[in-house]
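Colleague: Data: work-v4.pdb, PDB, C-alpha atoms.
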```pdb
ATOM      1  CA  MET H   1      -1.043   2.749  26.789
ATOM      2  CA  ALA H   2      -4.165   3.526  24.763
ATOM      3  CA  THR H   3      -5.622   0.902  22.473
ATOM      4  CA  LYS H   4      -6.064   2.138  18.922
ATOM      5  CA  SER H   5      -8.159   0.767  16.085
ATOM      6  CA  LEU H   6      -6.767  -0.161  12.679
ATOM      7  CA  SER H   7      -8.854  -1.046   9.654
ATOM      8  CA  ILE H   8      -7.315  -3.261   6.955
ATOM      9  CA  ARG H   9      -8.458  -4.548   3.591
ATOM     10  CA  ILE H  10      -8.015  -8.287   3.193
ATOM     11  CA  ASP H  11      -9.305 -10.632   0.517
ATOM     12  CA  GLU H  12     -11.833 -13.238   1.551
ATOM     13  CA  GLU H  13      -9.568 -16.255   1.005
ATOM     14  CA  MET H  14      -6.795 -14.802   3.161
ATOM     15  CA  LEU H  15      -9.297 -13.849   5.875
ATOM     16  CA  ASN H  16     -10.734 -17.368   5.892
ATOM     17  CA  LYS H  17      -7.230 -18.818   6.190
ATOM     18  CA  LEU H  18      -6.446 -16.403   9.038
ATOM     19  CA  HIS H  19      -9.563 -17.607  10.865
ATOM     20  CA  THR H  20      -8.459 -21.219  10.344
ATOM     21  CA  VAL H  21      -5.013 -20.523  11.851
ATOM     22  CA  ALA H  22      -6.506 -18.489  14.711
ATOM     23  CA  ASP H  23      -9.043 -21.224  15.513
ATOM     24  CA  TYR H  24      -6.287 -23.833  15.513
ATOM     25  CA  GLU H  25      -4.290 -21.702  17.970
ATOM     26  CA  GLY H  26      -7.389 -21.096  20.121
ATOM     27  CA  ARG H  27      -7.395 -17.372  19.418
ATOM     28  CA  SER H  28      -9.596 -14.794  17.793
ATOM     29  CA  ALA H  29      -8.508 -13.413  14.436
ATOM     30  CA  ASN H  30      -7.733 -10.097  16.169
ATOM     31  CA  SER H  31      -5.492 -11.780  18.744
ATOM     32  CA  GLN H  32      -3.738 -13.747  16.016
ATOM     33  CA  ILE H  33      -3.028 -10.558  14.062
ATOM     34  CA  LEU H  34      -1.615  -8.883  17.187
ATOM     35  CA  ILE H  35       0.721 -11.838  17.752
ATOM     36  CA  LEU H  36       1.886 -11.722  14.129
ATOM     37  CA  ILE H  37       2.558  -7.986  14.416
ATOM     38  CA  ARG H  38       4.427  -8.449  17.706
ATOM     39  CA  ASP H  39       6.564 -11.222  16.202
ATOM     40  CA  CYS H  40       7.335  -9.051  13.168
ATOM     41  CA  ILE H  41       8.447  -6.145  15.371
ATOM     42  CA  GLU H  42      10.595  -8.451  17.518
ATOM     43  CA  GLN H  43      12.321  -9.846  14.416
ATOM     44  CA  TYR H  44      12.918  -6.340  13.070
ATOM     45  CA  GLU H  45      14.401  -5.174  16.369
ATOM     46  CA  GLU H  46      16.661  -8.230  16.604
ATOM     47  CA  LYS H  47      18.109  -7.354  13.214
ATOM     48  CA  HIS H  48      18.093  -3.536  13.357
ATOM     49  CA  GLY H  49      18.014  -2.632  17.055
ATOM     50  CA  LYS H  50      15.282  -1.375  19.308
ATOM     51  CA  ILE H  51      12.791   1.006  17.754
ATOM     52  CA  GLU H  52      12.875   4.239  19.753
ATOM     53  CA  LEU H  53       9.659   6.234  19.655
ATOM     54  CA  GLY H  54       9.621   9.987  20.237
ATOM     55  CA  LYS H  55       7.398  11.135  23.070
TER      56      LYS H  55
END
```
Would you put the structure from the file into structure tokens?
Modeller:
Amino acid sequence: MATKSLSIRIDEEMLNKLHTVADYEGRSANSQILILIRDCIEQYEEKHGKIELGK
């Protein structure tokens, strides 16, 4: 699976808070965001079923 890049706009206060949470968890901000995205997808799939992607 290829790794893609995603650019987001985030206000400074939220970014600083993200860094605080990531540091507490011993992760980079990027790794923390990936975990949050993964958890969000897992919760969605638990409620709505597996997301099937066309190939």
Colleague: Taking 4 positions as the minimum chain separation for residues in the same chain, which residues sit within 12 Å of region 23-33 of chain H when counting all atoms listed in the file? Answer as a PyMOL selection string.
Modeller: chain H and resi 5-8+14-19+37-40
Colleague: May I ask which of the residues H:Glu13, H:Glu52, H:Val21, H:Lys47 is the closest one to Ile35 (chain H), counting all atoms listed in the file?
Modeller: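 Closest residue, counting all atoms listed in the file: H:Val21.
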Colleague: Find the distance between CA of Glu45 (chain H) and CA of Ala2 (chain H) and write it in Å to one decimal.
Modeller: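 The value is 22.2 Å.
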Colleague: Would you work out the distance separating CA of Leu34 (chain H) from CA of His48 (chain H), expressed in Å to one decimal?
Modeller: 20.8 Å
Colleague: Could you tell me how far CA of Glu46 (chain H) sits from CA of Thr20 (chain H), in Å to one decimal place?
Modeller: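 CA of Glu46 (chain H) lies 29.0 Å from CA of Thr20 (chain H).
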Colleague: Please report, as JSON, the centre and edge lengths in Å to one decimal of an axis-aligned box covering all listed atoms of region 36-48 of chain H with 5 Å per side.
Modeller:
```
{"center_x": 10.0, "center_y": -7.6, "center_z": 15.4, "size_x": 26.2, "size_y": 18.2, "size_z": 14.6}
```
